[in-house]
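Asker: What follows is model.cif, mmCIF, C-alpha atoms and all ligand atoms.
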data_work
loop_
_atom_site.label_atom_id
_atom_site.label_comp_id
_atom_site.auth_asym_id
_atom_site.auth_seq_id
_atom_site.Cartn_x
_atom_site.Cartn_y
_atom_site.Cartn_z
CA MET A 2 0.00 0.00 0.00
CA ALA A 3 1.81 3.12 -1.23
CA ALA A 4 -0.40 5.73 0.39
CA PRO A 5 -2.88 5.10 3.17
CA VAL A 6 -6.46 4.90 1.92
CA LEU A 7 -9.33 6.93 3.36
CA LEU A 8 -12.74 5.47 2.56
CA VAL A 9 -15.55 8.04 2.56
CA ARG A 10 -19.15 8.24 1.35
CA ARG A 11 -20.76 11.55 0.39
CA PRO A 12 -23.73 12.73 2.49
CA SER A 13 -27.23 11.66 1.41
CA PRO A 14 -29.75 14.39 0.45
CA GLU A 15 -31.87 12.69 3.19
CA LEU A 16 -29.19 13.42 5.84
CA ALA A 17 -31.66 15.31 8.09
CA LYS A 18 -33.62 12.05 8.51
CA GLY A 19 -30.62 10.41 10.18
CA LEU A 20 -30.99 8.59 13.48
CA LEU A 21 -30.71 10.34 16.86
CA THR A 22 -30.36 8.60 20.22
CA HIS A 23 -28.83 10.67 23.02
CA ILE A 24 -28.78 14.30 21.91
CA SER A 25 -31.50 16.95 21.52
CA ASP A 26 -33.09 17.11 18.08
CA ASP A 27 -31.75 20.02 16.02
CA ARG A 28 -32.17 18.25 12.65
CA ALA A 29 -34.61 20.96 11.48
CA SER A 30 -31.69 23.39 11.29
CA LEU A 31 -29.51 20.98 9.34
CA SER A 32 -28.32 22.20 5.91
CA THR A 33 -27.45 19.46 3.40
CA GLY A 34 -25.61 22.08 1.32
CA LEU A 35 -23.40 23.02 4.26
CA ALA A 36 -22.97 19.34 5.13
CA SER A 37 -21.66 18.62 1.62
CA GLN A 38 -19.24 21.53 1.87
CA GLN A 39 -18.02 20.39 5.29
CA TRP A 40 -17.62 16.82 4.01
CA LEU A 41 -15.50 18.01 1.07
CA GLU A 42 -13.30 20.12 3.35
CA TYR A 43 -12.88 17.14 5.68
CA THR A 44 -11.66 14.96 2.79
CA ASN A 45 -9.31 17.73 1.63
CA VAL A 46 -7.52 17.76 4.99
CA PHE A 47 -6.52 14.13 4.39
CA ARG A 48 -5.65 14.68 0.71
CA ALA A 49 -3.35 17.50 1.80
CA HIS A 50 -1.51 14.99 4.01
CA GLY A 51 -0.94 12.33 1.37
CA TRP A 52 -3.99 10.14 1.90
CA ASP A 53 -5.58 8.39 -1.10
CA VAL A 54 -9.24 9.37 -0.66
CA ARG A 55 -11.61 6.79 -2.17
CA GLU A 56 -15.37 7.29 -2.39
CA VAL A 57 -17.63 4.41 -1.48
CA GLN A 58 -20.60 4.24 -3.85
CA ALA A 59 -23.27 6.76 -2.86
CA ALA A 60 -26.23 5.44 -0.87
CA ASP A 61 -28.62 8.39 -1.20
CA GLU A 62 -31.53 6.37 0.19
CA CYS A 63 -29.56 5.92 3.43
CA PRO A 64 -29.68 9.10 5.58
CA ASP A 65 -26.75 7.91 7.77
CA GLY A 66 -24.67 6.50 4.91
CA VAL A 67 -22.05 9.26 5.31
CA PHE A 68 -21.06 7.66 8.65
CA ILE A 69 -19.09 5.01 6.80
CA GLU A 70 -16.99 4.15 9.85
CA ASP A 71 -19.94 2.13 11.16
CA ALA A 72 -20.06 -0.14 8.11
CA LEU A 73 -16.39 -1.11 7.72
CA LEU A 74 -13.46 -1.74 10.07
CA TRP A 75 -9.81 -1.90 8.98
CA LEU A 76 -7.30 -3.75 11.17
CA THR A 77 -3.67 -3.47 10.18
CA ASP A 78 -1.74 -6.70 10.77
CA LEU A 79 0.20 -6.05 14.00
CA SER A 80 1.17 -9.69 14.58
CA GLU A 81 4.86 -10.43 15.21
CA LYS A 82 5.51 -11.77 11.70
CA ALA A 83 2.85 -9.54 10.08
CA ASP A 84 2.38 -12.41 7.66
CA GLN A 85 -1.40 -12.48 7.73
CA GLY A 86 -2.01 -9.13 6.08
CA PRO A 87 -4.60 -6.57 7.14
CA ALA A 88 -8.28 -7.34 7.72
CA ILE A 89 -11.21 -5.35 6.39
CA ILE A 90 -14.39 -6.34 8.18
CA LEU A 91 -17.95 -5.71 7.01
CA MET A 92 -19.89 -4.74 10.11
CA ASN A 93 -23.46 -5.76 10.93
CA THR A 94 -25.72 -2.98 12.21
CA PRO A 95 -28.92 -3.70 14.17
CA ALA A 96 -30.43 -0.41 12.96
CA PRO A 97 -32.98 -1.24 10.21
CA SER A 98 -32.57 2.18 8.54
CA ARG A 99 -28.81 1.55 8.18
CA ALA A 100 -28.89 -2.03 6.89
CA LYS A 101 -29.02 -0.96 3.25
CA GLU A 102 -25.64 0.80 3.60
CA LEU A 103 -23.82 -2.52 3.84
CA SER A 104 -24.15 -3.74 0.24
CA THR A 105 -22.24 -0.82 -1.30
CA ALA A 106 -19.79 -0.90 1.62
CA GLN A 107 -19.14 -4.58 0.88
CA ALA A 108 -18.48 -3.84 -2.81
CA CYS A 109 -15.88 -1.24 -1.82
CA ALA A 110 -14.34 -3.55 0.77
CA GLU A 111 -13.89 -6.25 -1.89
CA THR A 112 -12.04 -3.78 -4.13
CA ILE A 113 -9.81 -2.56 -1.28
CA ALA A 114 -9.10 -6.12 -0.13
CA THR A 115 -8.01 -7.16 -3.63
CA ALA A 116 -5.93 -4.05 -4.26
CA HIS A 117 -4.16 -4.05 -0.88
CA GLY A 118 -3.80 -7.71 0.00
CA ALA A 119 -6.27 -7.48 2.83
CA LYS A 120 -8.51 -10.32 3.96
CA LEU A 121 -12.22 -9.47 3.75
CA TYR A 122 -14.42 -10.70 6.58
CA SER A 123 -18.16 -10.43 7.12
CA LEU A 124 -19.15 -10.17 10.76
CA LYS A 125 -22.53 -11.73 9.95
CA GLU A 126 -20.87 -14.75 8.33
CA ILE A 127 -18.65 -15.29 11.35
CA GLY A 128 -21.06 -14.56 14.19
CA GLY A 129 -24.46 -15.07 12.58
CA SER A 130 -27.16 -12.56 11.66
CA GLU A 131 -27.71 -11.67 15.35
CA ALA A 132 -24.06 -10.71 15.86
CA HIS A 133 -24.10 -6.90 15.82
CA LEU A 134 -21.14 -4.52 15.65
CA GLU A 135 -20.67 -0.99 14.32
CA GLY A 136 -17.26 0.55 13.70
CA GLY A 137 -18.09 3.53 15.93
CA ASP A 138 -18.00 1.09 18.84
CA VAL A 139 -14.36 0.13 18.14
CA LEU A 140 -11.31 2.11 19.29
CA LYS A 141 -7.81 0.81 18.41
CA VAL A 142 -5.01 1.85 20.77
CA GLY A 143 -1.81 0.13 19.69
CA ARG A 144 -2.44 -3.60 19.98
CA VAL A 145 -5.59 -3.16 22.08
CA VAL A 146 -9.02 -3.05 20.43
CA TYR A 147 -11.53 -1.51 22.83
CA VAL A 148 -15.18 -2.33 22.01
CA ASN A 149 -18.34 -0.90 23.54
CA SER A 150 -20.07 -3.62 25.56
CA GLY A 151 -22.68 -1.27 27.04
CA GLY A 152 -24.38 0.15 23.96
CA HIS A 153 -27.22 -0.99 21.68
CA ARG A 154 -25.45 -1.17 18.32
CA THR A 155 -22.93 -3.86 19.34
CA ASN A 156 -23.61 -7.06 21.26
CA GLU A 157 -21.62 -9.90 22.81
CA ALA A 158 -21.89 -12.05 19.70
CA GLY A 159 -20.49 -9.20 17.64
CA ILE A 160 -17.61 -8.72 20.07
CA CYS A 161 -16.82 -12.46 20.00
CA ALA A 162 -16.80 -12.49 16.19
CA LEU A 163 -14.46 -9.49 16.13
CA ARG A 164 -12.20 -11.12 18.73
CA SER A 165 -11.86 -14.26 16.52
CA ILE A 166 -10.45 -12.05 13.74
CA ALA A 167 -8.44 -9.49 15.71
CA GLU A 168 -6.53 -11.95 17.91
CA ARG A 169 -5.19 -13.64 14.77
CA ILE A 170 -3.39 -10.44 13.72
CA GLY A 171 -1.89 -9.32 16.99
CA TYR A 172 -4.65 -7.55 18.94
CA SER A 173 -6.36 -8.14 22.26
CA VAL A 174 -10.05 -7.18 22.45
CA VAL A 175 -11.36 -5.45 25.60
CA GLY A 176 -15.04 -4.69 26.28
CA ILE A 177 -15.83 -1.27 27.83
CA PRO A 178 -19.39 -0.73 29.17
CA ILE A 179 -20.26 2.77 27.91
CA GLN A 180 -23.65 4.11 29.02
CA GLY A 181 -25.35 7.28 27.82
CA ALA A 182 -23.49 7.68 24.52
CA LEU A 183 -24.28 6.27 21.08
CA HIS A 184 -20.90 4.66 20.39
CA LEU A 185 -17.62 4.04 22.19
CA LYS A 186 -16.05 6.78 20.06
CA SER A 187 -18.85 9.16 21.06
CA ALA A 188 -17.26 8.93 24.53
CA VAL A 189 -13.52 8.36 23.95
CA THR A 190 -10.79 8.28 21.32
CA ALA A 191 -6.99 8.16 21.75
CA LEU A 192 -3.94 10.31 21.15
CA PRO A 193 -1.03 8.77 19.21
CA ASP A 194 0.90 8.16 22.46
CA GLY A 195 -1.91 5.93 23.75
CA THR A 196 -3.56 8.51 26.03
CA VAL A 197 -7.32 8.00 25.89
CA ILE A 198 -9.32 11.23 25.93
CA GLY A 199 -12.90 11.61 27.09
CA HIS A 200 -15.39 14.05 28.55
CA MET A 201 -18.15 12.07 30.34
CA PRO A 202 -17.52 11.40 34.06
CA GLY A 203 -16.25 8.02 35.25
CA LEU A 204 -14.22 6.98 32.19
CA GLN A 205 -10.79 7.30 33.80
CA ALA A 206 -11.43 4.01 35.62
CA PHE A 207 -11.20 2.14 32.30
CA PHE A 208 -8.17 3.73 30.66
CA LYS A 209 -4.61 4.54 31.64
CA PRO A 210 -3.27 7.06 30.71
CA TYR A 211 -6.46 9.12 30.43
CA LEU A 212 -7.02 12.85 29.78
CA GLN A 213 -10.31 14.61 30.51
CA VAL A 214 -11.12 17.16 27.78
CA PRO A 215 -13.32 20.24 28.41
CA GLU A 216 -15.89 19.74 25.60
CA PRO A 217 -17.93 16.73 24.42
CA GLU A 218 -17.09 17.60 20.80
CA GLY A 219 -13.40 17.48 21.77
CA VAL A 220 -13.48 13.77 22.43
CA ALA A 221 -12.97 12.74 18.79
CA VAL A 222 -9.55 12.97 17.18
CA VAL A 223 -8.21 11.25 14.06
CA HIS A 224 -4.46 10.81 13.47
CA LEU A 225 -3.21 12.10 10.12
CA ARG A 226 -0.15 9.85 10.40
CA PRO A 227 -0.14 7.65 7.30
CA TYR A 228 0.93 4.39 8.96
CA GLU A 229 -0.26 2.34 11.91
CA ALA A 230 2.17 2.48 14.79
CA LEU A 231 2.13 1.09 18.28
CA ALA A 232 1.04 3.76 20.69
CA SER A 233 4.09 4.92 22.60
CA ALA A 234 4.92 7.80 24.84
CA HIS A 235 7.82 8.55 22.55
CA ASP A 236 5.64 9.17 19.54
CA GLU A 237 7.03 12.18 17.67
CA LYS A 238 4.38 14.75 18.56
CA ALA A 239 5.28 16.96 15.61
CA GLU A 240 4.69 13.97 13.34
CA ALA A 241 1.46 12.90 15.01
CA HIS A 242 -0.85 15.50 13.50
CA LEU A 243 -4.46 15.33 14.71
CA VAL A 244 -7.77 16.28 13.06
CA MET A 245 -10.63 17.39 15.27
CA SER A 246 -13.88 19.35 15.22
CA SER A 247 -13.85 23.16 15.20
CA SER A 248 -16.63 22.92 17.83
CA ALA A 249 -14.11 22.22 20.61
CA PRO A 250 -11.71 25.22 20.78
CA ARG A 251 -10.81 24.70 24.46
CA THR A 252 -9.87 21.08 23.77
CA THR A 253 -7.84 22.16 20.73
CA ALA A 254 -5.97 24.67 22.91
CA LEU A 255 -5.38 22.00 25.58
CA LEU A 256 -3.95 19.48 23.08
CA GLU A 257 -1.77 22.14 21.43
CA SER A 258 -0.48 23.18 24.87
CA LEU A 259 0.60 19.52 25.32
CA GLY A 260 2.60 19.70 22.07
CA TRP A 261 0.15 18.07 19.64
CA LYS A 262 -0.29 19.52 16.17
CA VAL A 263 -4.01 19.98 15.50
CA THR A 264 -6.01 20.77 12.38
CA THR A 265 -9.65 21.63 13.03
CA THR A 266 -12.48 21.19 10.55
CA ASP A 267 -16.18 22.12 10.70
CA VAL A 268 -18.49 19.14 11.17
CA THR A 269 -21.46 20.93 12.79
CA GLU A 270 -24.05 19.36 10.45
CA PHE A 271 -22.80 15.88 11.30
CA GLU A 272 -22.64 16.66 15.04
CA LYS A 273 -26.40 17.36 14.81
CA LEU A 274 -26.73 13.64 14.04
CA GLU A 275 -24.38 12.45 16.82
CA GLY A 276 -21.56 12.21 14.30
CA CYS A 277 -17.95 13.34 14.66
CA VAL A 278 -14.62 13.36 12.79
CA THR A 279 -14.08 9.61 13.21
CA CYS A 280 -17.47 8.60 11.77
CA LEU A 281 -16.91 10.19 8.37
CA SER A 282 -14.16 7.85 7.20
CA VAL A 283 -12.46 4.48 7.43
CA ARG A 284 -8.68 4.87 7.82
CA CYS A 285 -6.88 2.02 6.00
CA ARG A 286 -3.22 2.31 7.07
CA PRO A 287 -0.30 0.02 6.20
CA GLY A 288 1.45 -1.64 9.09
CA SER A 289 4.65 0.27 9.54
CA ARG A 290 6.63 3.26 8.46
CA SER A 291 6.69 1.76 4.99
C1 LIG B 301 -18.34 7.54 16.48
N1 LIG B 301 -19.71 7.62 15.98
C2 LIG B 301 -20.63 8.36 16.79
C3 LIG B 301 -20.04 6.93 14.80
N2 LIG B 301 -19.18 6.22 14.26
N3 LIG B 301 -21.28 6.94 14.21
C4 LIG B 301 -22.24 8.03 14.22
C5 LIG B 301 -23.57 7.55 13.71
C6 LIG B 301 -24.68 8.59 13.80
C7 LIG B 301 -25.96 8.16 13.18
N4 LIG B 301 -26.93 9.26 13.20
C8 LIG B 301 -26.55 6.94 13.90
O1 LIG B 301 -27.26 7.16 14.89
O2 LIG B 301 -26.28 5.80 13.49
#
Here is a file; write its structure as structure tokens.
Answerer:
Amino acid sequence: MAAPVLLVRRPSPELAKGLLTHISDDRASLSTGLASQQWLEYTNVFRAHGWDVREVQAADECPDGVFIEDALLWLTDLSEKADQGPAIILMNTPAPSRAKELSTAQACAETIATAHGAKLYSLKEIGGSEAHLEGGDVLKVGRVVYVNSGGHRTNEAGICALRSIAERIGYSVVGIPIQGALHLKSAVTALPDGTVIGHMPGLQAFFKPYLQVPEPEGVAVVHLRPYEALASAHDEKAEAHLVMSSSAPRTTALLESLGWKVTTTDVTEFEKLEGCVTCLSVRCRPGSRS
């Protein structure tokens, strides 16, 4: 894989009919025109940093189709010999209005798997039709894959199916019981040095090191670094450039004060649907500084 691949799907014209679970309903103010502009600017941040941005086939009949992270999961091979190759896993959502997203996501996953020597898995084939998992419920921190065991989009059968894949390529899978947030990555993500960041109370019990951030929108960061690397305290901060929402200026200032390079981007229209900067893409990274 020459350049890392960013899988994205453009927003549906029906975006304002997207699902809401835990936040107040401001969908009436949502502008699909502004959402399209924000989505394009989001993809341009990655293009500007050497990512190969690939569009998954549009799914205009799927209001939440832009949240492609929930449909596909990429796991770089972090096993000792790295002889298995990466895995790209088709998720299995329990949300009826999102089920139709999976067919076009699968078509893209097949293309990526062929082009990049990845093994394609279907969660449903491994765990059965009642095994549910969405990519928003998965947070990779080095060789640990944290999965939400307290939500309603992922269940135990889904976690077991994921574990049967992930352990083969060097990961351990740890369930975290998140309550009161849609996905695991609605509550926490991680800095390149392995520090987990969150905003809701009570999360520090699950993660070490942990950093409380001042805004809920500040929880989500994506690393612009083009390769997967084991989280380490010695990560070159200048190299580990982060993308985050413009809706969290105090968190941006906090992370910059700690030496992290941050690029902010507007995702307000997606935040109205409980989305964030991680949901809008699948980051397919090669395994090392290749
Ligand atoms: C990290 N997050 C939150 C995600 N990966 N997905 C957001 C999905 C939002 C959509 N309206 C829904 O309710 O499915």
Asker: Which polymer residues have any atom within 7 Å of an atom of Pro12 of chain A, counting only C-alpha atoms, with same-chain residues fewer than 2 positions away left out, as number ranges by chain?
Answerer: A: 10, 14, 16, 37, 66-67
Asker: Rank nothing, just name the residue among A:Arg55, A:Arg154, A:His23, A:His50 nearest to Tyr228 of chain A, using all atoms listed in the file.
Answerer: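 Going through A:Arg55, A:Arg154, A:His23, A:His50 one by one, the smallest distance to Tyr228 of chain A is for A:His50.
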Asker: Could you name the residues that touch Leu76 of chain A at 10 Å or less, counting only C-alpha atoms, but leaving out those on the same chain fewer than 6 positions away, as a list of chain:residue names?
Answerer: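 Skipping anything fewer than 6 positions along the chain leaves A:Gly86, A:Pro87, A:Ala88, A:Ile89, A:Ile90, A:Ala119, A:Lys120, A:Lys141, A:Val146, A:Ile166, A:Ala167, A:Ile170, A:Gly171, A:Tyr172, A:Glu229, A:Arg284, A:Cys285, A:Arg286, A:Pro287, A:Gly288.
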Asker: Using only C-alpha atoms, give me every residue within 10 Å of (-15.2, 25.1, 8.9) in file coordinates, as a list in words.
Answerer: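 Answer for this query, in the requested form: Leu35, Gln38, Gln39, Trp40, Glu42, Tyr43, Ser246, Ser247, Ser248, Thr265, Thr266, Asp267, Val268 and Thr269 of chain A.
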Asker: For Gly136 of chain A, please output as number ranges by chain all residues within 8 Å (counting all atoms listed in the file; exclusion window: fewer than 6 positions along the same chain).
Answerer: A: 70-74, 92
Asker: Which of these, A:Thr279, A:Arg169, A:Thr252, A:Gly260, has the shortest distance to Leu140 of chain A once you count all atoms listed in the file?
Answerer: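 Result for the nearest residue to Leu140 of chain A: A:Thr279.
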Asker: What's around Val57 of chain A at 10 Å? Count only C-alpha atoms, leave out sequence neighbours fewer than 6 positions away in its own chain, and write the answer as an NGL selection string.
Answerer: :A and (7-11 or 66-67 or 69 or 105-110 or 282)
Asker: I'd like the interatomic distance between atom CA of Ser80 of chain A and atom CA of Leu163 of chain A, to a tenth of an Å.
Answerer: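 Distance between the two atoms: 15.7 Å.
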Asker: Just how far from atom CA of Glu15 of chain A is atom CA of Leu185 of chain A, in Å to one decimal?
Answerer: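 Distance between the two atoms: 25.3 Å.
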Asker: Please check which protein, DNA or RNA residues sit within 10 Å of ligand LIG 301 (chain B), counting all atoms listed in the file, and write them as JSON, numbers by chain.
Answerer: {"A": [16, 17, 18, 19, 20, 21, 22, 23, 64, 65, 66, 67, 68, 69, 70, 71, 72, 94, 95, 96, 98, 99, 135, 136, 137, 138, 139, 140, 154, 182, 183, 184, 185, 186, 187, 188, 189, 190, 220, 221, 271, 272, 273, 274, 275, 276, 277, 278, 279, 280, 281, 282, 283]}
Asker: Any idea what the distance is between atom CA of Thr33 of chain A and atom CA of Phe47 of chain A?
Answerer: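 It comes out at 21.6 Å.
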Asker: For Thr253 of chain A, list every protein, DNA or RNA residue within 8 Å, evaluated using all atoms listed in the file, and leave out those in the same chain fewer than 5 positions away; present the list as a PDB file with C-alpha atoms, in the coordinates of the input.
Answerer:
ATOM      1  CA  GLY A 219     -13.400  17.480  21.770  1.00  0.00           C
ATOM      2  CA  MET A 245     -10.630  17.390  15.270  1.00  0.00           C
ATOM      3  CA  VAL A 263      -4.010  19.980  15.500  1.00  0.00           C
ATOM      4  CA  THR A 265      -9.650  21.630  13.030  1.00  0.00           C
TER       5      THR A 265
END
Asker: With all atoms listed in the file as the atoms that count, which of A:Gly143, A:Gly128, A:Leu121, A:Ala191 lies nearest to Cys161 of chain A?
Answerer: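 Checking each candidate against Cys161 of chain A, we get A:Gly128 as the closest.
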Asker: When distances are computed from only C-alpha atoms, which of A:Gly51, A:Pro250, A:Gly176, A:Gly34 shows the smallest separation from Val6 of chain A?
Answerer: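 The answer is A:Gly51, which sits nearest to Val6 of chain A.
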Asker: Would you save segment 31-133 of chain A to a file, keeping C-alpha atoms, as a tab-separated table (two decimals), in the first residue's frame?
Answerer:
chain	number	residue	atom	x	y	z
A	31	LEU	CA	-29.51	20.98	9.34
A	32	SER	CA	-28.32	22.20	5.91
A	33	THR	CA	-27.45	19.46	3.40
A	34	GLY	CA	-25.61	22.08	1.32
A	35	LEU	CA	-23.40	23.02	4.26
A	36	ALA	CA	-22.97	19.34	5.13
A	37	SER	CA	-21.66	18.62	1.62
A	38	GLN	CA	-19.24	21.53	1.87
A	39	GLN	CA	-18.02	20.39	5.29
A	40	TRP	CA	-17.62	16.82	4.01
A	41	LEU	CA	-15.50	18.01	1.07
A	42	GLU	CA	-13.30	20.12	3.35
A	43	TYR	CA	-12.88	17.14	5.68
A	44	THR	CA	-11.66	14.96	2.79
A	45	ASN	CA	-9.31	17.73	1.63
A	46	VAL	CA	-7.52	17.76	4.99
A	47	PHE	CA	-6.52	14.13	4.39
A	48	ARG	CA	-5.65	14.68	0.71
A	49	ALA	CA	-3.35	17.50	1.80
A	50	HIS	CA	-1.51	14.99	4.01
A	51	GLY	CA	-0.94	12.33	1.37
A	52	TRP	CA	-3.99	10.14	1.90
A	53	ASP	CA	-5.58	8.39	-1.10
A	54	VAL	CA	-9.24	9.37	-0.66
A	55	ARG	CA	-11.61	6.79	-2.17
A	56	GLU	CA	-15.37	7.29	-2.39
A	57	VAL	CA	-17.63	4.41	-1.48
A	58	GLN	CA	-20.60	4.24	-3.85
A	59	ALA	CA	-23.27	6.76	-2.86
A	60	ALA	CA	-26.23	5.44	-0.87
A	61	ASP	CA	-28.62	8.39	-1.20
A	62	GLU	CA	-31.53	6.37	0.19
A	63	CYS	CA	-29.56	5.92	3.43
A	64	PRO	CA	-29.68	9.10	5.58
A	65	ASP	CA	-26.75	7.91	7.77
A	66	GLY	CA	-24.67	6.50	4.91
A	67	VAL	CA	-22.05	9.26	5.31
A	68	PHE	CA	-21.06	7.66	8.65
A	69	ILE	CA	-19.09	5.01	6.80
A	70	GLU	CA	-16.99	4.15	9.85
A	71	ASP	CA	-19.94	2.13	11.16
A	72	ALA	CA	-20.06	-0.14	8.11
A	73	LEU	CA	-16.39	-1.11	7.72
A	74	LEU	CA	-13.46	-1.74	10.07
A	75	TRP	CA	-9.81	-1.90	8.98
A	76	LEU	CA	-7.30	-3.75	11.17
A	77	THR	CA	-3.67	-3.47	10.18
A	78	ASP	CA	-1.74	-6.70	10.77
A	79	LEU	CA	0.20	-6.05	14.00
A	80	SER	CA	1.17	-9.69	14.58
A	81	GLU	CA	4.86	-10.43	15.21
A	82	LYS	CA	5.51	-11.77	11.70
A	83	ALA	CA	2.85	-9.54	10.08
A	84	ASP	CA	2.38	-12.41	7.66
A	85	GLN	CA	-1.40	-12.48	7.73
A	86	GLY	CA	-2.01	-9.13	6.08
A	87	PRO	CA	-4.60	-6.57	7.14
A	88	ALA	CA	-8.28	-7.34	7.72
A	89	ILE	CA	-11.21	-5.35	6.39
A	90	ILE	CA	-14.39	-6.34	8.18
A	91	LEU	CA	-17.95	-5.71	7.01
A	92	MET	CA	-19.89	-4.74	10.11
A	93	ASN	CA	-23.46	-5.76	10.93
A	94	THR	CA	-25.72	-2.98	12.21
A	95	PRO	CA	-28.92	-3.70	14.17
A	96	ALA	CA	-30.43	-0.41	12.96
A	97	PRO	CA	-32.98	-1.24	10.21
A	98	SER	CA	-32.57	2.18	8.54
A	99	ARG	CA	-28.81	1.55	8.18
A	100	ALA	CA	-28.89	-2.03	6.89
A	101	LYS	CA	-29.02	-0.96	3.25
A	102	GLU	CA	-25.64	0.80	3.60
A	103	LEU	CA	-23.82	-2.52	3.84
A	104	SER	CA	-24.15	-3.74	0.24
A	105	THR	CA	-22.24	-0.82	-1.30
A	106	ALA	CA	-19.79	-0.90	1.62
A	107	GLN	CA	-19.14	-4.58	0.88
A	108	ALA	CA	-18.48	-3.84	-2.81
A	109	CYS	CA	-15.88	-1.24	-1.82
A	110	ALA	CA	-14.34	-3.55	0.77
A	111	GLU	CA	-13.89	-6.25	-1.89
A	112	THR	CA	-12.04	-3.78	-4.13
A	113	ILE	CA	-9.81	-2.56	-1.28
A	114	ALA	CA	-9.10	-6.12	-0.13
A	115	THR	CA	-8.01	-7.16	-3.63
A	116	ALA	CA	-5.93	-4.05	-4.26
A	117	HIS	CA	-4.16	-4.05	-0.88
A	118	GLY	CA	-3.80	-7.71	0.00
A	119	ALA	CA	-6.27	-7.48	2.83
A	120	LYS	CA	-8.51	-10.32	3.96
A	121	LEU	CA	-12.22	-9.47	3.75
A	122	TYR	CA	-14.42	-10.70	6.58
A	123	SER	CA	-18.16	-10.43	7.12
A	124	LEU	CA	-19.15	-10.17	10.76
A	125	LYS	CA	-22.53	-11.73	9.95
A	126	GLU	CA	-20.87	-14.75	8.33
A	127	ILE	CA	-18.65	-15.29	11.35
A	128	GLY	CA	-21.06	-14.56	14.19
A	129	GLY	CA	-24.46	-15.07	12.58
A	130	SER	CA	-27.16	-12.56	11.66
A	131	GLU	CA	-27.71	-11.67	15.35
A	132	ALA	CA	-24.06	-10.71	15.86
A	133	HIS	CA	-24.10	-6.90	15.82
